[in-house]
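Report on the following structure.
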Amino acid sequence: MASTGENETPARGVLHRLLSIFAEVKPREVFSVLVLTLNVFLLLTGYYLLKVVREPLILAGGGLEIGGQKLDLDGPEVKAYAAAGQALLLVGVVRAYGAMARRFGRMQLTTALTLFFAGNLVLFFFLARLGVPLGVPFYLWVGCFNLTVIAQFWSFANDVYTPEQGKRLFAIVGIGSSLGAMFGAQIAKRVYVPIGPYNMMLVAAGVLLACLWLTYLVHRDDLAGPGGGPQKADAPPGGAAGGFKIIAGDRYLLLIAALTLVLNWVNSTGEYILDRTLIESATSALGQESAPGAAAEAAPAAAEGADPGAPLAAGAPVYLVDPDASRLLEGKIAAVKGGAFDVEAGGKVVEGAEKGLVHPRTEKGKKAALGAIIGTFKGDFFYWVNTLGVVLQLFLVSRIFKYLGVRFALFILPAIALLGNASLAVLPALAVVRVAKIAENSTDYSVQNTARQALFLPVGRDAKYSAKAAIDTFVVRAGDVLAAVGVIVGQVLALSVRHFAMVNVALALAWLAVVVGIAREHKRRAADEQDAEDLKAA
């Protein structure tokens with residue numbers, strides 16, 4: 001464990017004083033908490049680069065169908081169904097991870113995972129260059145990557161710090177998570193068009209290698225500290241039992257698993273509501289009566305194989321991205337140069353063809369235009385989610401933990417989810433969905449995430465690695481699978497967005513009931529831990 005440094009000279013440097021603004025940090029802890037914060041900052045930056053790449057690939061490429069009188073885009077449904085595939089993959093991932101955790105020390109385990117995923121990104125890059133469709137495979141991979149790598153990071157942090165240290169320092173480490181998510185989303189929004197999605201994969205691979213080096217620095221610092229760090233670090237963290245068996249035999253872990261299941265069920269259903277509303281809004285300007293073939297007869301048609309960004313002749317029919325309104329419009333080129341295009345609906349002018357806002361009125365052009373809308377909207381959405389998350393993490397999380405406690409923090413997100421989905425059930429508009437999901441996701445990534453990680457502080461080392469890996473991977477995706485089943489049932493029953501929101505209201509109530517159970521069990525464990533400390537002191 002990392003030394004507390006209580007017996008060291010408290011030479012409070014600039015960094016020490018800065019960190020003390022957010023939480024109580026002791027001199028010997030400054031290095032490890034800063035490096036861990038930078039590590040998770042880079043991890044989340046890389047993840048959000050990949051997340052923004054993933055969205056257009058799955059939504060615009062999953063089930064788009066053009067050629068008749070209307071657009072049939074089932075990208076949101078494909079995205080929801082893919083969660084079932086992720087859950088199946090994660091059964092194997094959890095078992096493989098448990099086997100590795102029983103054999104290798106924590107640094108060997110982290111190295112193997114990091115190099116594996118970085119190599120996968122390079123492979124995806126070359127497959128994309130060969131023209132291999134990546135929408136669904138990459139979506140499945142990102143889900144496994146995110147859960148496994150982030151779970152491994154927090155397992156490592158739980159292993160380095162004692163429960164007392166974790167309660168103080170996780171609020172600071174969480175700042176890196178929130179900042180990384182915010183900057184990753186903003187960077188992705190800015191570089192998506194200039195460098196393209198596949199080069200962003202290589203950037204993320206480089207970020208992973210940097211994270212591996214930072215993990216090694218903290219590992220080495222822990223080895224140099226007192227408290228049995230070297231012996232613990234070299235010992236394989238996984239116990240004799242697998243992660244699922246450990247969970248089944250512990251009521252506290254079962255409740256955490258139930259919390260994770262319901263949380264992700266609600267969140268994934270909410271993501272489906274957002275995606276469905278976005279796609280409906282994006283295509284709302286293209287009425288049933290709009291016939292691309294007829295429009296092409298009134299002006300020079302764009303070549304079917306033309307590059308969506310290539311110059312087009314004056315008068316050529318085009319699809320126009322209206323990112324501010326999240327709509328896809330039809331129009332014609334008003335000038336060959338200058339980037340001004342006359343939109344038939346109201347004569348609006350859209351500037352900036354060079355920014356990917358204008359695409360030829362072809363199947364390829366429509367896919368590219370929808371991808372641009374989705375990428376722009378999602379990048380902006382993720383930016384605001386993570387900006388608010390950073391504010392919460394910086395100024396509220398440590399204070400909530402200090403004055404109200406971990407147990408109180410667990411009630412905040414389900415209350416927000418309940419209020420947001422109740423609002424959607426009344427008014428299921430894109431603006432309402434956007435605000436509700438920004439509030440929900442930002443709280444999830446800050447208050448809820450830090451509180452959930454802190455729940456593993458009073459458990460054994462095998463639970464911190466094997467059981468936590470099972471919960472943070474398989475159980476998370478099991479919640480997504482339940483959401484996917486709900487989507488399938490909703491499609492069969494022709495349920496509206498309002499109906500899905502009402503389902504989430506009921507789930508949020510169940511979520512609150514689970515939190516009550518966790519709070520009681522956590523209070524009991526905290527009391528037992530205090531009794532043990534008192535016995536040691538005596």
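Labels used: A, B, ... for chains in the order of the structure tokens, numbers from 1 for residues in each chain, and numbers from 1 for ligands as shown.
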Residues near range 508-517 of chain A, cut-off 9 Å, only C-alpha atoms, skip fewer than 3 positions along chain, as a list in words
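Counting only C-alpha atoms, the residues come to Tyr252, Leu255, Ile256, Ala258, Leu259, Val262, Leu263, Val266, Arg407, Leu410, Phe411, Pro414, Ala415, Ala417, Leu418, Asn421, Val503, Asn504, Val505, Arg520, Glu521 and His522 of chain A.
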Output for the residues just chosen: N, CA, C and O atoms as a CSV table (one decimal), in the first residue's frame:
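Okay, this is what ended up in selection_28.csv:
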```csv
chain,number,residue,atom,x,y,z
A,252,TYR,N,-23.0,-8.6,0.3
A,252,TYR,CA,-22.6,-7.2,-0.1
A,252,TYR,C,-22.2,-7.1,-1.6
A,252,TYR,O,-22.7,-6.2,-2.3
A,255,LEU,N,-25.3,-7.3,-3.8
A,255,LEU,CA,-26.0,-6.0,-3.8
A,255,LEU,C,-25.3,-5.0,-4.8
A,255,LEU,O,-26.0,-4.3,-5.5
A,256,ILE,N,-24.0,-5.0,-4.7
A,256,ILE,CA,-23.3,-4.2,-5.7
A,256,ILE,C,-23.5,-4.6,-7.1
A,256,ILE,O,-23.7,-3.8,-8.0
A,258,ALA,N,-26.2,-6.1,-8.2
A,258,ALA,CA,-27.6,-5.7,-8.5
A,258,ALA,C,-27.7,-4.2,-8.8
A,258,ALA,O,-28.3,-3.8,-9.8
A,259,LEU,N,-26.9,-3.4,-8.1
A,259,LEU,CA,-26.9,-2.0,-8.3
A,259,LEU,C,-26.3,-1.7,-9.7
A,259,LEU,O,-26.9,-0.9,-10.5
A,262,VAL,N,-28.9,-2.8,-12.5
A,262,VAL,CA,-30.1,-1.8,-12.7
A,262,VAL,C,-29.6,-0.5,-13.3
A,262,VAL,O,-30.2,0.1,-14.2
A,263,LEU,N,-28.4,0.0,-12.8
A,263,LEU,CA,-27.9,1.2,-13.3
A,263,LEU,C,-27.7,1.2,-14.8
A,263,LEU,O,-28.1,2.1,-15.5
A,266,VAL,N,-31.0,1.0,-16.8
A,266,VAL,CA,-31.6,2.3,-17.0
A,266,VAL,C,-30.8,3.2,-18.0
A,266,VAL,O,-31.3,3.9,-18.9
A,407,ARG,N,-22.5,6.5,1.4
A,407,ARG,CA,-23.9,5.9,1.3
A,407,ARG,C,-24.9,7.0,0.8
A,407,ARG,O,-25.7,6.6,0.0
A,410,LEU,N,-24.7,7.5,-3.0
A,410,LEU,CA,-25.3,6.5,-3.9
A,410,LEU,C,-26.8,6.8,-4.2
A,410,LEU,O,-27.3,6.3,-5.2
A,411,PHE,N,-27.4,7.6,-3.4
A,411,PHE,CA,-28.8,7.9,-3.7
A,411,PHE,C,-29.0,9.0,-4.8
A,411,PHE,O,-30.1,9.2,-5.3
A,414,PRO,N,-29.8,7.7,-8.8
A,414,PRO,CA,-31.2,7.2,-9.1
A,414,PRO,C,-32.3,8.2,-9.0
A,414,PRO,O,-33.3,8.2,-9.7
A,415,ALA,N,-32.1,9.2,-8.1
A,415,ALA,CA,-33.1,10.3,-7.9
A,415,ALA,C,-33.1,11.1,-9.2
A,415,ALA,O,-34.2,11.5,-9.7
A,417,ALA,N,-32.1,10.1,-12.2
A,417,ALA,CA,-32.7,9.3,-13.3
A,417,ALA,C,-34.2,9.2,-13.2
A,417,ALA,O,-34.9,9.3,-14.2
A,418,LEU,N,-34.7,9.2,-12.0
A,418,LEU,CA,-36.2,9.1,-11.8
A,418,LEU,C,-36.8,10.4,-12.3
A,418,LEU,O,-37.8,10.4,-13.0
A,421,ASN,N,-36.4,10.8,-16.3
A,421,ASN,CA,-37.3,9.9,-17.1
A,421,ASN,C,-38.8,10.2,-16.9
A,421,ASN,O,-39.6,10.1,-17.9
A,503,VAL,N,-40.8,2.9,-18.5
A,503,VAL,CA,-40.1,1.7,-18.0
A,503,VAL,C,-38.9,2.1,-17.1
A,503,VAL,O,-38.7,1.5,-16.1
A,504,ASN,N,-38.2,3.1,-17.6
A,504,ASN,CA,-37.1,3.6,-16.8
A,504,ASN,C,-37.5,4.2,-15.4
A,504,ASN,O,-36.7,4.1,-14.5
A,505,VAL,N,-38.7,4.8,-15.4
A,505,VAL,CA,-39.2,5.3,-14.1
A,505,VAL,C,-39.3,4.2,-13.1
A,505,VAL,O,-38.9,4.3,-11.9
A,520,ARG,N,-27.2,-0.2,4.1
A,520,ARG,CA,-27.2,-1.0,5.4
A,520,ARG,C,-26.0,-1.9,5.5
A,520,ARG,O,-25.4,-1.9,6.6
A,521,GLU,N,-25.7,-2.6,4.5
A,521,GLU,CA,-24.6,-3.5,4.5
A,521,GLU,C,-23.3,-2.8,4.6
A,521,GLU,O,-22.4,-3.2,5.4
A,522,HIS,N,-23.1,-1.7,3.9
A,522,HIS,CA,-21.9,-0.9,4.0
A,522,HIS,C,-21.7,-0.3,5.4
A,522,HIS,O,-20.6,-0.3,5.9
```
Considering only C-alpha atoms, return as a PyMOL selection string whatever protein or nucleic-acid residues lie within 10 Å of Lys437 in chain A, sequence-local ones (same chain, fewer than 2 positions apart) excluded.
chain A and resi 267+270-271+273-274+381+385+416-417+420-421+432-435+439-443
Interatomic distance, CA of Ile175 in chain A to CA of Gln448 in chain A (Å, one decimal)
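So the two atoms, CA of Ile175 in chain A and CA of Gln448 in chain A, lie 12.8 Å apart.
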Would you work out the distance separating CA of Ala467 in chain A from CA of Ala519 in chain A, expressed in Å to one decimal?
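Distance between the two atoms: 19.4 Å.
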